[in-house]
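Visitor: Contents of entry27.txt (compact mmCIF, C-alpha atoms and all ligand atoms) are below:
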# COMPACT_ATOMS: atom_id res chain seq x y z
CA MET A 129 13.06 15.23 18.95
CA LYS A 130 15.64 17.72 17.80
CA GLU A 131 18.73 15.91 19.10
CA LEU A 132 19.10 12.42 17.65
CA ARG A 133 22.86 11.81 18.03
CA GLY A 134 23.72 9.23 20.69
CA ASN A 135 20.07 8.24 21.15
CA VAL A 136 18.46 4.95 20.08
CA SER A 137 16.05 4.22 17.23
CA VAL A 138 14.07 1.04 16.62
CA VAL A 139 12.85 -0.03 13.18
CA THR A 140 10.67 -3.05 12.43
CA GLY A 141 10.85 -4.51 8.94
CA GLY A 142 14.42 -3.20 9.05
CA ALA A 143 15.91 -5.89 6.81
CA SER A 144 14.60 -4.42 3.53
CA GLY A 145 13.20 -1.42 1.67
CA LEU A 146 11.89 1.52 3.68
CA GLY A 147 12.89 -0.01 7.04
CA ARG A 148 16.49 -0.52 5.95
CA ALA A 149 16.61 3.02 4.52
CA MET A 150 15.20 4.49 7.76
CA ALA A 151 17.63 2.52 9.90
CA LEU A 152 20.58 3.78 7.82
CA ALA A 153 19.25 7.36 7.84
CA PHE A 154 19.02 7.31 11.65
CA ALA A 155 22.53 5.79 11.86
CA ARG A 156 23.86 8.63 9.69
CA GLU A 157 22.36 11.02 12.27
CA GLY A 158 24.53 9.27 14.87
CA MET A 159 21.75 7.15 16.42
CA HIS A 160 22.31 3.59 17.60
CA VAL A 161 19.78 1.37 15.87
CA ALA A 162 17.80 -1.77 16.70
CA ILE A 163 16.18 -3.59 13.78
CA ALA A 164 13.61 -6.37 13.87
CA ASP A 165 12.46 -8.58 11.01
CA VAL A 166 11.53 -12.17 10.15
CA ASP A 167 14.24 -12.24 7.46
CA ALA A 168 17.28 -13.37 9.47
CA ALA A 169 19.82 -13.30 6.61
CA ASN A 170 19.04 -9.74 5.51
CA LEU A 171 18.80 -8.60 9.15
CA GLU A 172 22.47 -9.49 9.64
CA ARG A 173 23.45 -7.85 6.35
CA VAL A 174 21.73 -4.57 7.36
CA ALA A 175 23.17 -4.76 10.90
CA ALA A 176 26.65 -4.90 9.34
CA GLU A 177 25.82 -1.88 7.15
CA LEU A 178 24.68 0.00 10.27
CA ARG A 179 27.83 -0.86 12.24
CA ALA A 180 29.95 0.28 9.27
CA THR A 181 28.60 3.83 9.86
CA GLY A 182 30.16 3.76 13.35
CA VAL A 183 27.04 3.28 15.50
CA LYS A 184 25.91 0.34 17.64
CA ALA A 185 23.38 -2.00 16.02
CA PHE A 186 21.14 -4.68 17.53
CA ALA A 187 19.28 -7.07 15.23
CA ALA A 188 16.58 -9.49 16.37
CA ARG A 189 14.44 -12.00 14.54
CA VAL A 190 10.95 -10.86 15.52
CA ASP A 191 7.54 -11.63 14.04
CA VAL A 192 5.72 -8.36 14.78
CA SER A 193 2.32 -10.06 14.61
CA LYS A 194 3.18 -11.92 17.84
CA ALA A 195 2.63 -9.90 21.02
CA GLU A 196 5.12 -11.82 23.14
CA GLN A 197 7.91 -11.48 20.53
CA VAL A 198 7.46 -7.69 20.32
CA ASP A 199 7.33 -7.39 24.13
CA ARG A 200 10.56 -9.39 24.44
CA PHE A 201 12.18 -7.33 21.66
CA ALA A 202 11.39 -4.09 23.55
CA GLN A 203 13.14 -5.44 26.66
CA ASP A 204 16.06 -6.78 24.58
CA VAL A 205 16.59 -3.37 22.95
CA LEU A 206 16.82 -1.75 26.39
CA GLY A 207 19.35 -4.39 27.45
CA ALA A 208 21.44 -4.13 24.27
CA LEU A 209 21.42 -0.37 23.61
CA GLY A 210 20.46 1.11 26.99
CA GLY A 211 17.37 3.07 25.94
CA VAL A 212 14.76 3.79 23.27
CA HIS A 213 13.91 7.16 21.72
CA VAL A 214 12.54 6.77 18.18
CA VAL A 215 10.30 3.80 17.33
CA CYS A 216 9.35 3.05 13.71
CA ASN A 217 6.59 0.45 13.44
CA ASN A 218 7.18 -0.24 9.78
CA ALA A 219 7.00 -3.96 8.87
CA GLY A 220 4.31 -4.62 6.29
CA VAL A 221 3.03 -6.92 3.55
CA ALA A 222 0.71 -6.35 0.58
CA PRO A 223 -1.48 -9.08 -0.93
CA ILE A 224 -3.64 -8.22 -3.96
CA GLY A 225 -7.15 -9.27 -4.88
CA ALA A 226 -10.78 -8.16 -5.13
CA ALA A 227 -12.42 -7.83 -1.71
CA TRP A 228 -14.34 -11.12 -2.08
CA GLU A 229 -11.29 -13.02 -3.43
CA SER A 230 -9.06 -12.43 -0.41
CA THR A 231 -8.84 -15.58 1.66
CA LEU A 232 -9.08 -15.90 5.41
CA ALA A 233 -5.31 -16.53 5.35
CA ASP A 234 -4.75 -13.26 3.42
CA TRP A 235 -6.74 -11.37 6.06
CA GLU A 236 -5.04 -13.03 9.03
CA TRP A 237 -1.52 -12.64 7.61
CA THR A 238 -1.93 -8.99 6.61
CA MET A 239 -3.89 -7.88 9.67
CA GLY A 240 -1.24 -9.62 11.78
CA VAL A 241 1.77 -7.84 10.26
CA ASN A 242 0.37 -4.46 9.18
CA LEU A 243 -2.10 -3.72 11.97
CA TRP A 244 -1.35 -5.97 14.96
CA GLY A 245 2.38 -5.36 14.34
CA VAL A 246 1.84 -1.61 14.82
CA ILE A 247 -0.53 -2.19 17.75
CA HIS A 248 2.09 -4.35 19.51
CA GLY A 249 4.82 -1.77 18.83
CA VAL A 250 2.68 1.03 20.26
CA ARG A 251 1.71 -1.10 23.28
CA ALA A 252 5.26 -2.25 24.04
CA PHE A 253 7.23 0.97 23.47
CA THR A 254 4.93 3.92 24.28
CA PRO A 255 5.08 3.40 28.08
CA MET A 256 8.89 3.58 27.91
CA LEU A 257 8.81 6.87 25.99
CA LEU A 258 6.04 8.26 28.24
CA ALA A 259 8.03 7.46 31.39
CA GLN A 260 11.03 9.45 30.12
CA ASN A 261 8.72 12.10 28.55
CA GLU A 262 10.86 12.05 25.44
CA GLY A 263 10.79 10.26 22.12
CA HIS A 264 8.92 9.82 18.85
CA ILE A 265 6.81 7.06 17.30
CA VAL A 266 6.58 6.71 13.50
CA ASN A 267 3.93 4.32 12.23
CA THR A 268 4.18 3.29 8.59
CA ALA A 269 0.75 3.41 6.95
CA SER A 270 0.50 4.26 3.23
CA VAL A 271 -1.54 6.53 1.00
CA ALA A 272 -3.78 3.46 1.17
CA GLY A 273 -4.56 4.66 4.70
CA LEU A 274 -6.06 7.88 3.27
CA ILE A 275 -7.61 6.66 -0.01
CA ASN A 276 -8.80 3.21 -1.08
CA PRO A 277 -7.16 1.85 -4.26
CA PRO A 278 -9.11 -1.06 -5.81
CA SER A 279 -7.95 -4.70 -5.45
CA SER A 280 -6.39 -3.94 -2.07
CA ALA A 281 -9.22 -4.26 0.45
CA VAL A 282 -7.13 -6.19 2.96
CA TYR A 283 -4.19 -3.80 2.69
CA ASN A 284 -6.42 -0.69 2.77
CA VAL A 285 -8.24 -1.86 5.91
CA THR A 286 -4.95 -2.36 7.75
CA LYS A 287 -3.51 0.97 6.64
CA HIS A 288 -6.65 2.96 7.55
CA GLY A 289 -6.35 1.21 10.93
CA VAL A 290 -2.76 2.44 11.28
CA VAL A 291 -3.82 6.02 10.48
CA ALA A 292 -6.68 5.79 13.02
CA LEU A 293 -4.38 4.35 15.69
CA SER A 294 -1.73 7.01 15.04
CA GLU A 295 -4.15 9.97 15.11
CA THR A 296 -5.70 8.68 18.34
CA LEU A 297 -2.28 8.09 19.90
CA HIS A 298 -1.40 11.68 19.02
CA HIS A 299 -4.53 12.97 20.80
CA ASP A 300 -3.98 10.72 23.83
CA LEU A 301 -0.40 11.95 24.28
CA ASP A 302 -1.34 15.57 23.58
CA GLU A 303 -4.16 15.53 26.18
CA ARG A 304 -1.57 14.44 28.76
CA ASN A 305 0.88 17.21 27.74
CA SER A 306 3.42 14.55 26.79
CA LYS A 307 6.52 15.57 24.86
CA VAL A 308 6.42 12.22 23.00
CA GLY A 309 5.71 12.89 19.30
CA VAL A 310 3.87 10.77 16.73
CA SER A 311 4.05 10.64 12.94
CA VAL A 312 2.23 8.53 10.39
CA LEU A 313 4.08 7.76 7.17
CA CYS A 314 1.86 7.66 4.05
CA PRO A 315 3.93 7.03 0.91
CA ALA A 316 2.69 5.95 -2.51
CA TYR A 317 4.81 3.63 -4.69
CA VAL A 318 8.47 3.28 -3.70
CA PRO A 319 10.77 0.63 -5.27
CA THR A 320 11.24 -1.95 -2.48
CA GLY A 321 10.46 -5.62 -1.96
CA ILE A 322 6.77 -4.95 -1.10
CA ALA A 323 5.35 -6.50 -4.31
CA ASP A 324 7.13 -9.75 -3.35
CA SER A 325 6.06 -9.73 0.28
CA ALA A 326 4.80 -13.33 0.00
CA ARG A 327 8.51 -14.29 0.16
CA ASN A 328 8.29 -14.04 3.95
CA ARG A 329 4.72 -15.33 4.37
CA PRO A 330 4.38 -18.02 7.07
CA VAL A 331 3.58 -21.47 5.72
CA GLU A 332 0.61 -21.84 8.07
CA LEU A 333 -1.00 -18.73 6.48
CA SER A 334 -0.21 -19.59 2.86
CA ASN A 335 -2.77 -19.91 0.03
CA PRO A 336 -2.97 -22.91 -2.32
CA GLU A 337 -0.85 -22.13 -5.45
CA SER A 338 -3.84 -22.79 -7.73
CA GLY A 339 -6.03 -20.38 -5.78
CA LYS A 340 -5.38 -17.17 -7.71
CA SER A 341 -7.69 -15.98 -10.49
CA ALA A 342 -6.26 -14.67 -13.80
CA ASP A 343 -7.48 -11.22 -12.76
CA GLN A 344 -5.63 -11.48 -9.43
CA LEU A 345 -2.38 -12.52 -11.18
CA ALA A 346 -2.71 -9.63 -13.65
CA ARG A 347 -3.29 -7.15 -10.85
CA GLU A 348 -0.29 -8.50 -8.91
CA GLU A 349 1.80 -7.81 -12.01
CA MET A 350 0.36 -4.27 -12.19
CA LEU A 351 1.39 -3.69 -8.57
CA ARG A 352 4.91 -5.00 -9.27
CA LYS A 353 5.26 -2.60 -12.23
CA ALA A 354 3.90 0.35 -10.23
CA VAL A 355 6.27 -0.36 -7.31
CA THR A 356 9.39 -0.90 -9.43
CA SER A 357 8.75 2.26 -11.45
CA GLY A 358 8.10 4.41 -8.36
CA LYS A 359 9.95 7.73 -8.75
CA VAL A 360 10.52 8.44 -5.03
CA SER A 361 13.34 6.34 -3.53
CA ALA A 362 13.39 4.61 -0.14
CA GLU A 363 16.26 6.96 0.81
CA GLN A 364 14.11 10.04 0.04
CA VAL A 365 11.27 8.64 2.16
CA ALA A 366 13.73 7.92 4.99
CA ARG A 367 15.01 11.50 4.80
CA ALA A 368 11.42 12.76 5.10
CA VAL A 369 10.96 10.56 8.19
CA VAL A 370 14.10 11.92 9.89
CA ASP A 371 12.98 15.50 9.14
CA ALA A 372 9.46 14.80 10.51
CA VAL A 373 10.92 13.39 13.74
CA LYS A 374 13.16 16.45 14.17
CA GLU A 375 10.31 18.88 13.38
CA ASN A 376 7.63 16.86 15.22
CA ARG A 377 5.40 16.72 12.12
CA PHE A 378 2.48 14.25 12.21
CA TYR A 379 1.56 13.46 8.58
CA ILE A 380 4.45 12.42 6.34
CA LEU A 381 3.17 12.58 2.75
CA THR A 382 5.98 11.85 0.31
CA HIS A 383 4.15 11.83 -3.04
CA PRO A 384 2.51 15.25 -3.66
CA ARG A 385 0.89 13.99 -6.92
CA ILE A 386 -1.46 11.84 -4.84
CA ASN A 387 -2.82 14.79 -2.83
CA GLY A 388 -5.57 15.38 -5.39
CA ALA A 389 -6.92 11.88 -4.77
CA ILE A 390 -6.97 12.48 -1.01
CA ARG A 391 -8.82 15.76 -1.51
CA ALA A 392 -11.29 14.13 -3.94
CA ARG A 393 -12.10 11.42 -1.36
CA MET A 394 -12.73 13.98 1.40
CA GLU A 395 -14.87 16.16 -0.89
CA ALA A 396 -16.97 13.17 -2.01
CA ILE A 397 -17.63 12.30 1.65
CA LEU A 398 -18.68 15.86 2.52
CA ALA A 399 -20.77 16.25 -0.64
CA GLY A 400 -22.55 12.93 -0.09
CA ARG A 401 -21.30 11.53 -3.43
CA PRO A 402 -20.17 7.90 -4.02
CA PRO A 403 -16.44 7.34 -3.39
CA SER A 404 -14.15 8.93 -5.97
CA HIS A 405 -11.87 6.48 -7.81
CA PRO A 406 -8.37 7.22 -6.46
CA MET A 407 -6.62 6.68 -9.81
CA ARG A 408 -9.25 8.08 -12.22
CA ASP A 409 -11.08 10.96 -10.54
CA ALA A 410 -8.27 13.00 -8.94
N1 LIG B 1 7.07 0.31 -1.13
C1 LIG B 1 5.92 0.94 -1.26
O1 LIG B 1 5.51 1.28 -2.39
C2 LIG B 1 5.11 1.30 -0.04
C3 LIG B 1 4.12 2.29 -0.14
C4 LIG B 1 3.37 2.61 0.98
C5 LIG B 1 3.60 1.98 2.18
N2 LIG B 1 4.56 1.02 2.25
C6 LIG B 1 4.76 0.35 3.55
O2 LIG B 1 6.13 0.43 3.91
C7 LIG B 1 6.42 -0.59 4.85
C8 LIG B 1 7.73 -1.26 4.49
O3 LIG B 1 7.57 -1.99 3.26
P1 LIG B 1 8.65 -1.95 2.09
O4 LIG B 1 8.02 -1.25 0.95
O5 LIG B 1 9.94 -1.50 2.59
O6 LIG B 1 8.67 -3.53 1.70
P2 LIG B 1 9.82 -4.61 1.90
O7 LIG B 1 9.19 -5.91 1.53
O8 LIG B 1 11.04 -4.20 1.16
O9 LIG B 1 10.14 -4.58 3.46
C9 LIG B 1 9.22 -5.08 4.42
C10 LIG B 1 9.98 -5.82 5.49
O10 LIG B 1 9.02 -6.30 6.47
C11 LIG B 1 9.42 -7.60 6.87
N3 LIG B 1 8.34 -8.36 7.46
C12 LIG B 1 7.32 -9.01 6.83
N4 LIG B 1 6.57 -9.67 7.72
C13 LIG B 1 7.10 -9.43 8.95
C14 LIG B 1 6.75 -9.83 10.26
N5 LIG B 1 5.70 -10.63 10.50
N6 LIG B 1 7.52 -9.39 11.29
C15 LIG B 1 8.60 -8.61 11.07
N7 LIG B 1 8.98 -8.20 9.84
C16 LIG B 1 8.23 -8.60 8.79
C17 LIG B 1 9.94 -8.22 5.58
O11 LIG B 1 10.74 -9.36 5.85
C18 LIG B 1 10.70 -7.07 4.95
O12 LIG B 1 12.06 -7.08 5.36
C19 LIG B 1 5.21 -1.54 4.84
O13 LIG B 1 4.41 -1.29 5.97
C20 LIG B 1 4.48 -1.12 3.57
O14 LIG B 1 3.10 -1.41 3.64
C21 LIG B 1 5.33 0.66 1.18
Could you spell out this file's structure in structure tokens?
Guide:
Amino acid sequence: MKELRGNVSVVTGGASGLGRAMALAFAREGMHVAIADVDAANLERVAAELRATGVKAFAARVDVSKAEQVDRFAQDVLGALGGVHVVCNNAGVAPIGAAWESTLADWEWTMGVNLWGVIHGVRAFTPMLLAQNEGHIVNTASVAGLINPPSSAVYNVTKHGVVALSETLHHDLDERNSKVGVSVLCPAYVPTGIADSARNRPVELSNPESGKSADQLAREEMLRKAVTSGKVSAEQVARAVVDAVKENRFYILTHPRINGAIRARMEAILAGRPPSHPMRDA
């Protein structure tokens, strides 16, 4: 989509971090913006920031893991802003732990937000974009959708799912000669609230406080340090997203230093070697 001004963008997880930065970047392009999140207080704060740029903003409390809430949100956006053109399925959470340590609640929570959230967004919004034969879908995965960092099995599974869904969506639209574009966003560490994503975890999917091993707590601290010391800002990632939408670019890789790890994984697969370690072998 070359012309963004006056059109409408939708961003889930828009109350914080990358989602907030994307929403503001689209607003600065002159787009009206709808944001969805479970964090009602920050939703309103970001909606006010969006309106201050001179565009219309619509904010809705939506749990993206719930099909009916995403379906209703899609209809509400149409009602509030009169159309939809760019859809960013971005909400996400990131629990930490060895593959066998992750609880059923960890799996259900993370699959619900990171994977089902994107599935519901694709299901609810793609028919609208297809019908007008115009628009762009940006699904937030992660480099963890292209490589598999240790202690993140749950997260990695969801992000590989988002990459698979996005690539397939691209082929499905392309085979039908649709002008609707798709991108998949694959950043590495960016300073946001992601290391504290349990702040918005539903009570019914919570873990017992005593349930974490010393190793799990230490690795959570490592993630927090890696995220807070990330050198690429949310604003830089948002800029890359806007550019990819304008240029209709599929893969959005924002951290070139990680490319070696992606290449090492692919080469190990083709050479029949065991998986390369994404932090050590690149
Ligand atoms: N920050 C990073 O280092 C990094 C790297 C790669 C990918 N990502 C991905 O970027 C996306 C955005 O994360 P972020 O880094 O901005 O973190 P963040 O915690 O700052 O923002 C995530 C937002 O998602 C919202 N959210 C959580 N559960 C939700 C639900 N069920 N329904 C609706 N909204 C919900 C949160 O309330 C929060 O506002 C995620 O998909 C994350 O996996 C982040």
Visitor: Ranking A:Ser334, A:Asn267, A:Asn328, A:Thr254 by minimum distance to A:Asn170 and counting all atoms listed in the file, which one comes first?
Guide: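 The shortest atom-to-atom distance to A:Asn170 comes from A:Asn328.
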Visitor: Hey, which of A:Leu351, A:Leu178, A:Leu258, A:Leu333 ends up closest to A:Val318? Count all atoms listed in the file.
Guide: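 Checking each of A:Leu351, A:Leu178, A:Leu258, A:Leu333 against A:Val318, counting all atoms listed in the file, the winner is A:Leu351.
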Visitor: Considering all atoms listed in the file, state which residue in the set A:Arg377, A:His383, A:Arg329, A:Lys359 is at the smallest distance from A:Val312.
Guide: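 Smallest distance to A:Val312 is found for A:Arg377.
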Visitor: Residues within 8 Å of ligand LIG 1 (chain B), counting all atoms listed in the file: report them as a ChimeraX atom specification.
Guide: /A:140-148,164-167,170-171,189-194,217-222,240-242,245,268-272,283,287,313-325,327-329,355,358,362
Visitor: Quick one: residues within 10 Å of stretch 403-405 of chain A, all atoms listed in the file, excluding same-chain residues fewer than 6 positions away - as a list in words?
Guide: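 Result of the neighbour search: Ile275, Asn276, Pro277, Pro278, Ala389, Ile390, Arg391, Ala392, Arg393, Met394, Glu395, Ala396 and Ile397 of chain A.
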Visitor: From the list A:Thr356, A:Trp244, A:Arg347, A:Phe378, which residue is nearest A:Thr296 when using only C-alpha atoms?
Guide: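 Residue with the minimum atom-to-atom distance to A:Thr296: A:Phe378.
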Visitor: Pick from A:Gly225, A:Leu293, A:Glu177, A:Ser311: nearest to A:Val370, with all atoms listed in the file counted?
Guide: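 Ranking A:Gly225, A:Leu293, A:Glu177, A:Ser311 by distance to A:Val370, first place goes to A:Ser311.
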Visitor: Extract, using all atoms listed in the file, all DNA, RNA and protein residues at most 12 Å from A:Ala208, discarding same-chain residues fewer than 6 positions from it, and format them as a ChimeraX atom specification.
Guide: /A:136,138,160-163,184-188,201-202
Visitor: Which polymer residues have any atom within 12 Å of an atom of A:Met256, counting all atoms listed in the file, with same-chain residues fewer than 2 positions away left out, as a count of residues only?
Guide: 26
Visitor: Using only C-alpha atoms, find the one residue out of A:Ala354, A:Tyr379, A:Ala366, A:Pro330 that sits nearest to A:Val291.
Guide: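 Of all the options, A:Tyr379 lies closest to A:Val291.
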Visitor: Between atom CA of A:Asp371 and atom CA of A:Met150, what is the spacing in Å?
Guide: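 Interatomic distance, atom CA of A:Met150 to atom CA of A:Asp371: 11.3 Å.
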Visitor: So which residues are close to (-0.2, -14.7, -4.8), meaning at most 8 Å away in the file's coordinates with only C-alpha atoms counted, and can you show them as a list of chain:residue names?
Guide: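 In the file's frame, the residues around the point are A:Pro223, A:Ile224, A:Ala326, A:Asn335, A:Glu337, A:Lys340, A:Gln344, A:Leu345, A:Glu348.
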Visitor: Could you work out how far atom CA of A:Val266 lies from atom CA of A:Ser361, giving the answer in Å with one decimal?
Guide: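 Between atom CA of A:Ser361 and atom CA of A:Val266 the gap works out to 18.3 Å.
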Visitor: So which residues touch A:Gly289 within 8 Å, counting all atoms listed in the file, skipping near sequence neighbours fewer than 4 positions away, as a compact mmCIF listing (two decimals) with C-alpha atoms, in the coordinates of the input?
Guide:
# COMPACT_ATOMS: atom_id res chain seq x y z
CA LEU A 243 -2.10 -3.72 11.97
CA GLY A 273 -4.56 4.66 4.70
CA VAL A 285 -8.24 -1.86 5.91
CA LEU A 293 -4.38 4.35 15.69
Visitor: What is the atom CA of A:Val310-atom CA of A:Val290 distance in Å, reported with one decimal?
Guide: 12.0 Å
